[in-house]
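A short worksheet on the structure shown next.
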Amino acid sequence: MTSIARAIAALTLLAALTAGGGCQRAPAPAFEPTPTQPAQAVEQLIRDLRHDDLVSYSRHAVPPALHARLDQAWNEGRTRWPLTDLPLDDRLPAFIDALAAPGAEKQLLTVYQRQFSGASAELRSAAATLGLFAAQYLRREGDYSAQERAHYVQIVGAISGWAQKAPLGDLQRARQTLPQLVAGARQTGLAGGPARFRELGMQRSLERMGPFFGRVKRVLLAYGLDLNADLATARAGLIEQNGDHARIRLQYTLAGQLIEAELAVERHDGRWYLTDALRHAEAEAARTAPESDSPASAPDAPVAR
């Protein structure tokens, strides 16, 4: 995913720990011309995220041949790209399972009351500490380019600042919204562990994750962060182009902070793609299946389609 998508992912997990919300999926444009300029390709990915259209995002993020390889890798249980760019992506199936479990509303609210309710000072301190450690990690660790590191450090700072002000310890707010997040997880039909994601395949899984993605954005809105409005501020402009390679400047506002990033893009068969996104996607397409996720060892999950 793009760096903006990673920002959404991080915020999603933070907010989902404490509350939920409901939203309607924004209608996508009836027709959208194929971007022919580097900046247009970046802006198209941002529009896909605003519309909660993860299927279109996956097709716009990589060339068709690589998309086909990723689709095959998904079917074989070797990847869940582009969901692999979510923080703790390996725990996403278990996260969906926990939310969709019978009695999850009561159980999760009990956990919230015990660990988070009224603990505003502790949550603010935790947000500051996690932001500090995340920034330090991004500067030194991980498979990131220099451009990604510079961008993600800004994102972490904005997220940490928002979390330190958000009413994450508000019990009444959690009591009103948590059932909606639980309902959204159940509506995905993705409960059943990694085998369920593999069974449905890439397109159907992303189709089901899209509305849930939008639902969690409504969570963030309930806690003072209008992520769709932030996405609407994004502007991409060309810095320079040399044949099939170019550099783009991306500017947007996240949680009240101005984010500025430089992105490398490259052209394949007339279309432009983010260089770092292609690198990560290639690695995912080449992955081998974890033993626990292999078809022979993964349990069946008879969930209604």
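Note on naming: chains are A, B, ... as they come in the structure tokens, residues start from 1 per chain, ligands start from 1 in the order shown.
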For the interface of stretch 148-248 of chain A with stretch 124-142 of chain A (cut-off 8 Å, counting only C-alpha atoms), please tabulate each contacting residue of stretch 148-248 of chain A alongside its nearest pair of atoms and their separation in Å to one decimal, rows sorted by chain and increasing number, as a tab-separated table.
residue	atom	partner	partner_atom	distance
A:Arg149	CA	A:Leu138	CA	5.7
A:Ala150	CA	A:Arg139	CA	7.9
A:Tyr152	CA	A:Leu138	CA	7.1
A:Val153	CA	A:Ala135	CA	5.3
A:Val156	CA	A:Gly131	CA	5.8
A:Gly157	CA	A:Gly131	CA	6.4
A:Ile159	CA	A:Gly131	CA	7.6
A:Ser160	CA	A:Gly131	CA	5.2
A:Gly161	CA	A:Ala128	CA	7.5
A:Ala163	CA	A:Ala127	CA	5.9
A:Gln164	CA	A:Arg124	CA	4.3
A:Lys165	CA	A:Arg124	CA	7.1
### Task
Please identify which residues in stretch 137-196 of chain A DSSP calls alpha helix (DSSP H) from the backbone, and express them as number ranges by chain.
A: 137-140, 146-165, 171-188, 194-196
Keeping C-alpha atoms for every residue in the selection just given, could you write it to a file as a PDB file, in the first residue's frame?
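selection.pdb, written as the output of this step:
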ATOM      1  CA  TYR A 137      12.168   1.692  14.809  1.00  0.00           C
ATOM      2  CA  LEU A 138      11.324   3.284  11.466  1.00  0.00           C
ATOM      3  CA  ARG A 139      14.602   5.181  11.415  1.00  0.00           C
ATOM      4  CA  ARG A 140      16.712   2.037  11.862  1.00  0.00           C
ATOM      5  CA  ALA A 146      14.863   6.209   2.765  1.00  0.00           C
ATOM      6  CA  GLN A 147      11.782   7.895   1.299  1.00  0.00           C
ATOM      7  CA  GLU A 148       9.454   5.557   3.180  1.00  0.00           C
ATOM      8  CA  ARG A 149      11.282   6.088   6.456  1.00  0.00           C
ATOM      9  CA  ALA A 150      11.043   9.868   6.162  1.00  0.00           C
ATOM     10  CA  HIS A 151       7.338   9.651   5.342  1.00  0.00           C
ATOM     11  CA  TYR A 152       6.397   7.131   8.020  1.00  0.00           C
ATOM     12  CA  VAL A 153       8.132   9.065  10.794  1.00  0.00           C
ATOM     13  CA  GLN A 154       5.850  12.007   9.985  1.00  0.00           C
ATOM     14  CA  ILE A 155       2.818   9.714  10.006  1.00  0.00           C
ATOM     15  CA  VAL A 156       3.753   8.252  13.384  1.00  0.00           C
ATOM     16  CA  GLY A 157       4.101  11.748  14.815  1.00  0.00           C
ATOM     17  CA  ALA A 158       0.650  12.747  13.573  1.00  0.00           C
ATOM     18  CA  ILE A 159      -0.941   9.529  14.839  1.00  0.00           C
ATOM     19  CA  SER A 160       0.698   9.846  18.231  1.00  0.00           C
ATOM     20  CA  GLY A 161      -0.428  13.457  18.549  1.00  0.00           C
ATOM     21  CA  TRP A 162      -4.009  12.555  17.688  1.00  0.00           C
ATOM     22  CA  ALA A 163      -4.070   9.590  20.083  1.00  0.00           C
ATOM     23  CA  GLN A 164      -2.848  11.761  22.951  1.00  0.00           C
ATOM     24  CA  LYS A 165      -5.885  14.025  22.519  1.00  0.00           C
ATOM     25  CA  LEU A 171     -16.691   4.307  28.288  1.00  0.00           C
ATOM     26  CA  GLN A 172     -19.994   5.691  27.039  1.00  0.00           C
ATOM     27  CA  ARG A 173     -18.586   6.236  23.570  1.00  0.00           C
ATOM     28  CA  ALA A 174     -17.214   2.714  23.476  1.00  0.00           C
ATOM     29  CA  ARG A 175     -20.504   1.275  24.725  1.00  0.00           C
ATOM     30  CA  GLN A 176     -22.372   2.991  21.896  1.00  0.00           C
ATOM     31  CA  THR A 177     -20.016   2.058  19.092  1.00  0.00           C
ATOM     32  CA  LEU A 178     -18.359  -1.282  19.876  1.00  0.00           C
ATOM     33  CA  PRO A 179     -21.394  -3.360  18.785  1.00  0.00           C
ATOM     34  CA  GLN A 180     -21.196  -1.722  15.366  1.00  0.00           C
ATOM     35  CA  LEU A 181     -17.609  -2.822  14.876  1.00  0.00           C
ATOM     36  CA  VAL A 182     -18.527  -6.341  15.961  1.00  0.00           C
ATOM     37  CA  ALA A 183     -21.418  -6.361  13.479  1.00  0.00           C
ATOM     38  CA  GLY A 184     -19.086  -5.146  10.733  1.00  0.00           C
ATOM     39  CA  ALA A 185     -16.635  -7.985  11.367  1.00  0.00           C
ATOM     40  CA  ARG A 186     -19.445 -10.523  11.233  1.00  0.00           C
ATOM     41  CA  GLN A 187     -20.741  -9.064   7.983  1.00  0.00           C
ATOM     42  CA  THR A 188     -17.384  -9.644   6.284  1.00  0.00           C
ATOM     43  CA  PRO A 194      -6.318 -17.777   7.439  1.00  0.00           C
ATOM     44  CA  ALA A 195      -8.081 -20.647   5.665  1.00  0.00           C
ATOM     45  CA  ARG A 196     -11.177 -18.496   5.178  1.00  0.00           C
TER      46      ARG A 196
END
### Query
Quick one: residues within 12 Å of A:His67, only C-alpha atoms counted, chain neighbours fewer than 2 positions away excluded, as a list in words?
Val55, Ser56, Tyr57, Ser58, Arg59, His60, Ala61, Val62, Pro63, Pro64, Ala65, Arg69, Leu70, Asp71, Gln72, Ala73, Trp74, Trp81, Pro82, Met202, Gln203, Leu278, Ala281, Glu282, Glu284 and Ala285 of chain A
Take the residues from that selection and put them in a file with N, CA and C atoms, as a PDB file, in the first residue's frame.
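Written file, result_16.pdb:
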ATOM      1  N   VAL A  55     -10.503  -3.518  -3.857  1.00  0.00           N
ATOM      2  CA  VAL A  55     -10.323  -4.300  -5.087  1.00  0.00           C
ATOM      3  C   VAL A  55      -9.680  -3.431  -6.162  1.00  0.00           C
ATOM      4  N   SER A  56     -10.240  -2.238  -6.379  1.00  0.00           N
ATOM      5  CA  SER A  56      -9.648  -1.332  -7.368  1.00  0.00           C
ATOM      6  C   SER A  56      -8.244  -0.922  -6.962  1.00  0.00           C
ATOM      7  N   TYR A  57      -8.053  -0.688  -5.677  1.00  0.00           N
ATOM      8  CA  TYR A  57      -6.722  -0.328  -5.197  1.00  0.00           C
ATOM      9  C   TYR A  57      -5.710  -1.398  -5.581  1.00  0.00           C
ATOM     10  N   SER A  58      -6.066  -2.653  -5.367  1.00  0.00           N
ATOM     11  CA  SER A  58      -5.123  -3.732  -5.663  1.00  0.00           C
ATOM     12  C   SER A  58      -4.792  -3.782  -7.149  1.00  0.00           C
ATOM     13  N   ARG A  59      -5.746  -3.453  -7.996  1.00  0.00           N
ATOM     14  CA  ARG A  59      -5.510  -3.489  -9.442  1.00  0.00           C
ATOM     15  C   ARG A  59      -4.743  -2.262  -9.922  1.00  0.00           C
ATOM     16  N   HIS A  60      -4.912  -1.150  -9.242  1.00  0.00           N
ATOM     17  CA  HIS A  60      -4.198   0.063  -9.638  1.00  0.00           C
ATOM     18  C   HIS A  60      -2.790   0.119  -9.060  1.00  0.00           C
ATOM     19  N   ALA A  61      -2.506  -0.674  -8.041  1.00  0.00           N
ATOM     20  CA  ALA A  61      -1.226  -0.579  -7.338  1.00  0.00           C
ATOM     21  C   ALA A  61      -0.097  -1.322  -8.038  1.00  0.00           C
ATOM     22  N   VAL A  62      -0.434  -2.338  -8.840  1.00  0.00           N
ATOM     23  CA  VAL A  62       0.596  -3.159  -9.484  1.00  0.00           C
ATOM     24  C   VAL A  62       0.172  -3.482 -10.912  1.00  0.00           C
ATOM     25  N   PRO A  63       1.126  -3.802 -11.794  1.00  0.00           N
ATOM     26  CA  PRO A  63       0.786  -4.197 -13.167  1.00  0.00           C
ATOM     27  C   PRO A  63      -0.033  -5.485 -13.185  1.00  0.00           C
ATOM     28  N   PRO A  64      -0.800  -5.706 -14.250  1.00  0.00           N
ATOM     29  CA  PRO A  64      -1.663  -6.900 -14.315  1.00  0.00           C
ATOM     30  C   PRO A  64      -0.928  -8.215 -14.102  1.00  0.00           C
ATOM     31  N   ALA A  65       0.261  -8.367 -14.671  1.00  0.00           N
ATOM     32  CA  ALA A  65       0.978  -9.636 -14.523  1.00  0.00           C
ATOM     33  C   ALA A  65       1.352  -9.891 -13.062  1.00  0.00           C
ATOM     34  N   ARG A  69       0.033 -12.859 -10.297  1.00  0.00           N
ATOM     35  CA  ARG A  69       0.916 -13.650  -9.440  1.00  0.00           C
ATOM     36  C   ARG A  69       0.508 -13.531  -7.980  1.00  0.00           C
ATOM     37  N   LEU A  70       0.139 -12.332  -7.555  1.00  0.00           N
ATOM     38  CA  LEU A  70      -0.309 -12.127  -6.178  1.00  0.00           C
ATOM     39  C   LEU A  70      -1.620 -12.850  -5.909  1.00  0.00           C
ATOM     40  N   ASP A  71      -2.500 -12.837  -6.888  1.00  0.00           N
ATOM     41  CA  ASP A  71      -3.772 -13.552  -6.749  1.00  0.00           C
ATOM     42  C   ASP A  71      -3.517 -15.041  -6.569  1.00  0.00           C
ATOM     43  N   GLN A  72      -2.592 -15.585  -7.358  1.00  0.00           N
ATOM     44  CA  GLN A  72      -2.252 -17.000  -7.233  1.00  0.00           C
ATOM     45  C   GLN A  72      -1.612 -17.285  -5.884  1.00  0.00           C
ATOM     46  N   ALA A  73      -0.734 -16.385  -5.442  1.00  0.00           N
ATOM     47  CA  ALA A  73      -0.093 -16.568  -4.135  1.00  0.00           C
ATOM     48  C   ALA A  73      -1.123 -16.535  -3.014  1.00  0.00           C
ATOM     49  N   TRP A  74      -2.137 -15.676  -3.147  1.00  0.00           N
ATOM     50  CA  TRP A  74      -3.227 -15.626  -2.156  1.00  0.00           C
ATOM     51  C   TRP A  74      -3.965 -16.959  -2.135  1.00  0.00           C
ATOM     52  N   TRP A  81      -1.663 -10.068   0.462  1.00  0.00           N
ATOM     53  CA  TRP A  81      -1.425  -8.742  -0.096  1.00  0.00           C
ATOM     54  C   TRP A  81      -2.728  -8.217  -0.704  1.00  0.00           C
ATOM     55  N   PRO A  82      -3.060  -6.911  -0.561  1.00  0.00           N
ATOM     56  CA  PRO A  82      -2.308  -5.827   0.058  1.00  0.00           C
ATOM     57  C   PRO A  82      -2.538  -5.672   1.563  1.00  0.00           C
ATOM     58  N   MET A 202      -8.479 -13.485  -3.240  1.00  0.00           N
ATOM     59  CA  MET A 202      -8.153 -12.080  -3.087  1.00  0.00           C
ATOM     60  C   MET A 202      -9.342 -11.166  -3.331  1.00  0.00           C
ATOM     61  N   GLN A 203      -9.977 -11.281  -4.487  1.00  0.00           N
ATOM     62  CA  GLN A 203     -11.009 -10.306  -4.837  1.00  0.00           C
ATOM     63  C   GLN A 203     -12.177 -10.337  -3.869  1.00  0.00           C
ATOM     64  N   LEU A 278       5.761  -1.599  -5.576  1.00  0.00           N
ATOM     65  CA  LEU A 278       6.113  -2.723  -6.448  1.00  0.00           C
ATOM     66  C   LEU A 278       7.128  -3.637  -5.768  1.00  0.00           C
ATOM     67  N   ALA A 281       5.320  -5.659  -3.154  1.00  0.00           N
ATOM     68  CA  ALA A 281       4.405  -6.618  -3.780  1.00  0.00           C
ATOM     69  C   ALA A 281       5.173  -7.782  -4.401  1.00  0.00           C
ATOM     70  N   GLU A 282       6.322  -7.489  -5.034  1.00  0.00           N
ATOM     71  CA  GLU A 282       7.149  -8.559  -5.607  1.00  0.00           C
ATOM     72  C   GLU A 282       7.589  -9.533  -4.516  1.00  0.00           C
ATOM     73  N   GLU A 284       6.028 -10.176  -1.752  1.00  0.00           N
ATOM     74  CA  GLU A 284       4.865 -10.962  -1.334  1.00  0.00           C
ATOM     75  C   GLU A 284       4.540 -12.056  -2.340  1.00  0.00           C
ATOM     76  N   ALA A 285       4.661 -11.751  -3.617  1.00  0.00           N
ATOM     77  CA  ALA A 285       4.357 -12.745  -4.654  1.00  0.00           C
ATOM     78  C   ALA A 285       5.334 -13.908  -4.606  1.00  0.00           C
TER      79      ALA A 285
END
### Message
Taking only C-alpha atoms into account, name the residue in A:Leu86, A:Leu108, A:Ile46, A:Ala166 that is nearest to A:Arg235.
### Response
A:Ile46
### Message
Residues within 12 Å of A:Arg279, please, as a list in words. Count only C-alpha atoms; anything in the same chain fewer than 4 positions from it doesn't count.
### Response
Met1, Thr2, Ala61, Val62, Leu66, Asp143, Tyr144, Ser145, Ala264, Val265, Glu266, Tyr273, Leu274, Thr275, Ala283, Glu284, Ala285 and Ala286 of chain A
